[in-house]
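Report on the structure given below.
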Amino acid sequence: MKKKYLSILSYLLVLALSSEEEALEEIVSIASKNPKDIKEVNVTIDIIDKNELKRQAPKDFKSILSNTLALDTSSNGGPGQYASIFLRGTNSNHTQVKINGVKINPYTAGGASINNLDPSIIARIEIGSGPFSSIHGSEAIGGVINISTIQDQEDSLLQLAISGGADNFMRESLQKNWEQENKSFNILLLNSKTNGFPSLVSSSIDRGYINKSLVSSFDLKRERTYAQFSTWISRGDTEYLGFQGNPLSQNYQNIAYSLEVKSRVREFNLISVNLNSSKDLIHQNQKNYLGFEDITETDNHNFEIMFHKTRNKNSSFVAGYVQENQKVNYSSFGTQFEKKLKTNSLTTESNLDLGDHQFSVKLRYSNHDLHDNQESWNISYKNNINSTWSMKLSSGSAFRFPNSSELYGYASNINLKPESSRGYEIGVMKIKGDSTLSFVVFKNEINNIINLDFQEFILKNIAQNSSKGLELRYQWEYKPINGRLLLRYQEPRDQMGRQLIRRSKKSMSLNIYRDFDIGSLNLNLSAFDKRNDFGGMALPGYSLINLSFFKEISNQLGFSIRLENILDKKYYTASGFNAYYRNQERSLWLNITYKLMH
């Protein structure tokens, strides 16, 4: 069987390297303050576009990352249950997550609420791996993920969609696009619900989920000015199981607003201003042992101004100022506080293009209310060896400021220092027409990690982690069989040499698709090595096979069908104190869309 798989992969590699079609430009926004073609980026960036999302017909956001890019993720059960991302072996709070450029990481414990992001509203995903704090600030130790909900503007249309799936899952959505000369507007309303399934293998209690979402965008283009306003709102109810297996539920609300204005002052000068805000709210529907209903609420309001200067066709410079204001209202199991914190940052970026040699330097100086100046930087170099091969070298530092729970909550410590990291990356890439082959070696060392000191029962900067490894990528199009392959080997370890929990050493993902006259067929294979979890629980390795089919019956009517976990594998990405959290068993998912053209 292994020889058969190797033969298939070899055949796919030949297809990927034999094409002569011209590749289209793919603009990246997260690697620089100046958006640029991905071929010009000096660090590792992965893009999942709307066409790939349409072919895969994913059931949730985390499965997009694990099935497409072999990223380690974990989930505490089914739809709506808490989920985490471990980018290149770093901790779950070491990945900064953005919606339309707005940071949604809460300033309380835990990572971004990716479990409340319905995949049907996503237009595009950019994933940057490695230290990105010089561009994006705190939390970008493992990398940055930006999810765009802004749809490509088509002729004015009204679209209806309905989906159904396992455990009485039902989703309805209504989308309206409007475009006129230099203005465009898009709005999408969504309502979904499911009865769910038991979160833990030791339980028989179904845990349901309700999600009501709104996304919208408005674009205005003038001769020298461009403005865009975007919105993401998600609210609903999540049922889950407590530490003792007792049924609980909570209301949630996630919001992200952004207003960006760009104005060209002179021929080679640009000023951009961004005002954005986000909210992360969780409200328990039952009282704790003290008779209070717990609540955690984070409100974040940011201001950013950037000055872009192009000295000549080979040189550019960006300088700017960023202010972040966080307000936290926290009440959990008797711990209560309300705090306001502010971070001011100065950032610069210089790019130099000398033909086959490209250099980039990025610097950031951040000042937190409770900390001295925190510096972060990135230096990268790219050499175009010939018309198809290139080499990339990069190094950088990143940081994470302690969140409010660590500073003021249970076992808190006001004297905590920021976590910091140093990362390195060496890569070679071959781009030939519409196919891309790349090989990357990386290393990331993280210091001053905040952990609980069990002797004094207080949080301290007492841990150090490291992660090193290599990644192999193939991606190709315009052949009879098209697809994307990613192989990863990594060693995520703590200072004692132990493998970090919920992170695998080996992982792979393969997506291949074929376009037929009757539609597009997509096959997804993913596999993850064994992992560990809290309390010495072992998480066995697993492999999954998913199959999806998409068909546009006409310009107005289309449908997709997805068969999830074809082999009906029992697999686990997280465990509780004495039982594993369940994942989706074999299931069938159907989506139908109907467009009313104007």
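Every chain in the structure tokens has a letter given in the order shown (A, B, ...), and although residue numbers restart at 1 in each chain, ligands are simply numbered from 1 in the order shown.
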With a distance cut-off of 12 Å and only C-alpha atoms, select the neighbouring residues of A:Asp372, excluding the residue or stretch itself and same-chain residues fewer than 6 positions from it, and output the selection as a PyMOL selection string.
chain A and resi 343-345+365-366+401+415-418
If you count only C-alpha atoms, which residues fall within 12 Å of A:Leu270, apart from same-chain ones fewer than 5 positions away, as number ranges by chain?
A: 33-34, 224-226, 261-265, 305-310, 316-320
Would you please give, as a PyMOL selection string, all residues of stretch 65-201 of chain A that DSSP assigns to strand (DSSP E or B) based on the backbone?
chain A and resi 72-75+83-86+95-99+102-103+124-129+143-148+157-165+169-180+183-198+200
Each stretch 32-78 of chain A residue no farther than 7 Å from stretch 558-580 of chain A, nearest pair in Å, only C-alpha atoms, as a tab-separated table:
residue	atom	partner	partner_atom	distance
A:Ala57	CA	A:Arg562	CA	6.5
A:Ser74	CA	A:Thr573	CA	4.8
A:Ser75	CA	A:Ala574	CA	6.2
A:Asn76	CA	A:Ala574	CA	6.4
Near stretch 376-384 of chain A, within 9 Å and counting only C-alpha atoms, which residues show up once chain neighbours fewer than 5 positions away are dropped, as a PyMOL selection string?
chain A and resi 40-43+131-135+137+355-366+389-399
File of the preceding selection, N, CA and C atoms, as a compact mmCIF listing (two decimals), in the first residue's frame:
# COMPACT_ATOMS: atom_id res chain seq x y z
N GLU A 40 6.80 37.41 -4.76
CA GLU A 40 7.78 38.39 -4.29
C GLU A 40 7.97 38.35 -2.78
N VAL A 41 7.21 37.50 -2.07
CA VAL A 41 7.27 37.43 -0.62
C VAL A 41 8.44 36.57 -0.19
N ASN A 42 9.16 37.00 0.86
CA ASN A 42 10.38 36.32 1.29
C ASN A 42 10.16 35.33 2.44
N VAL A 43 8.92 35.12 2.87
CA VAL A 43 8.62 34.21 3.97
C VAL A 43 7.53 33.24 3.51
N PRO A 131 7.67 34.13 12.91
CA PRO A 131 7.49 35.34 13.72
C PRO A 131 7.00 36.51 12.87
N PHE A 132 5.86 37.11 13.25
CA PHE A 132 5.27 38.21 12.50
C PHE A 132 4.93 39.42 13.37
N SER A 133 5.53 39.51 14.56
CA SER A 133 5.19 40.61 15.46
C SER A 133 5.63 41.96 14.92
N SER A 134 6.68 42.03 14.11
CA SER A 134 7.13 43.30 13.58
C SER A 134 6.06 43.95 12.70
N ILE A 135 5.17 43.14 12.14
CA ILE A 135 4.09 43.65 11.30
C ILE A 135 2.78 43.71 12.08
N GLY A 137 2.25 42.73 15.67
CA GLY A 137 2.24 42.94 17.11
C GLY A 137 2.14 41.66 17.93
N GLY A 355 17.08 43.55 -8.75
CA GLY A 355 16.98 42.53 -9.77
C GLY A 355 16.76 41.15 -9.18
N ASP A 356 17.79 40.31 -9.20
CA ASP A 356 17.68 38.96 -8.67
C ASP A 356 17.84 38.89 -7.16
N HIS A 357 18.13 40.03 -6.52
CA HIS A 357 18.32 40.06 -5.07
C HIS A 357 17.31 41.02 -4.45
N GLN A 358 16.56 40.51 -3.46
CA GLN A 358 15.55 41.31 -2.79
C GLN A 358 15.77 41.27 -1.28
N PHE A 359 15.75 42.44 -0.66
CA PHE A 359 15.98 42.55 0.77
C PHE A 359 14.78 43.23 1.43
N SER A 360 14.51 42.83 2.67
CA SER A 360 13.43 43.46 3.42
C SER A 360 13.80 43.51 4.90
N VAL A 361 13.57 44.66 5.53
CA VAL A 361 13.81 44.84 6.96
C VAL A 361 12.56 45.47 7.57
N LYS A 362 12.05 44.85 8.64
CA LYS A 362 10.87 45.34 9.34
C LYS A 362 11.19 45.48 10.82
N LEU A 363 10.78 46.61 11.42
CA LEU A 363 11.04 46.89 12.83
C LEU A 363 9.76 47.37 13.51
N ARG A 364 9.61 47.02 14.78
CA ARG A 364 8.46 47.48 15.56
C ARG A 364 8.91 47.74 16.99
N TYR A 365 8.50 48.90 17.53
CA TYR A 365 8.74 49.25 18.92
C TYR A 365 7.38 49.42 19.59
N SER A 366 7.09 48.57 20.56
CA SER A 366 5.78 48.58 21.22
C SER A 366 5.94 48.92 22.69
N TRP A 389 13.91 28.91 -10.30
CA TRP A 389 14.32 28.60 -8.94
C TRP A 389 14.68 29.86 -8.16
N SER A 390 14.33 29.86 -6.86
CA SER A 390 14.71 30.96 -5.97
C SER A 390 15.03 30.41 -4.59
N MET A 391 15.77 31.17 -3.82
CA MET A 391 16.12 30.79 -2.45
C MET A 391 15.70 31.92 -1.52
N LYS A 392 15.19 31.54 -0.33
CA LYS A 392 14.74 32.52 0.65
C LYS A 392 15.43 32.28 1.99
N LEU A 393 15.86 33.37 2.62
CA LEU A 393 16.42 33.33 3.97
C LEU A 393 15.70 34.38 4.81
N SER A 394 15.31 34.02 6.01
CA SER A 394 14.65 35.00 6.88
C SER A 394 14.90 34.68 8.34
N SER A 395 14.86 35.72 9.15
CA SER A 395 14.99 35.58 10.59
C SER A 395 14.18 36.69 11.24
N GLY A 396 13.69 36.43 12.44
CA GLY A 396 12.89 37.45 13.10
C GLY A 396 12.62 37.13 14.55
N SER A 397 12.09 38.12 15.25
CA SER A 397 11.70 37.95 16.64
C SER A 397 10.23 38.31 16.80
N ALA A 398 9.61 37.77 17.82
CA ALA A 398 8.19 38.03 18.08
C ALA A 398 7.94 38.00 19.58
N PHE A 399 6.74 38.41 20.00
CA PHE A 399 6.44 38.48 21.42
C PHE A 399 4.95 38.32 21.67
For the atom pair atom CA of A:Ile122 and atom CA of A:Leu174, what is the interatomic distance in Å to one decimal place?
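One can read the atom CA of A:Ile122 to atom CA of A:Leu174 distance as 14.3 Å.
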Could you check the closest approach to A:Leu485 for each of A:Ser435, A:Gln499, A:Gln244, A:Ser230 and tell me which residue wins, using only C-alpha atoms?
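Between A:Ser435, A:Gln499, A:Gln244, A:Ser230, the residue approaching A:Leu485 most closely is A:Ser435.
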Counting only C-alpha atoms, which residues of stretch 117-213 of chain A fall within 12 Å of stretch 104-107 of chain A, and what is the closest atom pair for each with its distance in Å at one decimal, ordered by chain and rising number, as a Markdown table?
| residue | atom | partner | partner_atom | distance |
| --- | --- | --- | --- | --- |
| A:Leu117 | CA | A:Ile104 | CA | 11.2 |
| A:Gly137 | CA | A:Asn105 | CA | 11.7 |
| A:Ser138 | CA | A:Asn105 | CA | 9.9 |
| A:Glu139 | CA | A:Asn105 | CA | 8.3 |
| A:Ala140 | CA | A:Asn105 | CA | 10.6 |
| A:Val144 | CA | A:Asn105 | CA | 11.0 |
| A:Ile145 | CA | A:Ile104 | CA | 10.6 |
| A:Asn146 | CA | A:Ile104 | CA | 10.1 |
| A:Ile147 | CA | A:Ile104 | CA | 10.7 |
May I ask which of the residues A:Asp353, A:Asp515, A:Asp167, A:Asp299 is the closest one to A:Lys339, counting only C-alpha atoms?
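Ranked by minimum distance to A:Lys339, first place goes to A:Asp299.
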Which of A:Ser412, A:Ser331, A:Asn115, A:Ser554 sits closest to A:Ser84 [using only C-alpha atoms]:
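Closest residue, counting only C-alpha atoms: A:Asn115.
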Record the distance separating atom CA of A:Gly128 and atom CA of A:Gln175, expressed in Å with one decimal.
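Calculated distance between atom CA of A:Gly128 and atom CA of A:Gln175 is 29.5 Å.
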Nearest residue to A:Gln228 out of A:Asn482, A:Thr68, A:Asn186, A:Ser92, using only C-alpha atoms?
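Of A:Asn482, A:Thr68, A:Asn186, A:Ser92, the one nearest A:Gln228, counting only C-alpha atoms, is A:Asn186.
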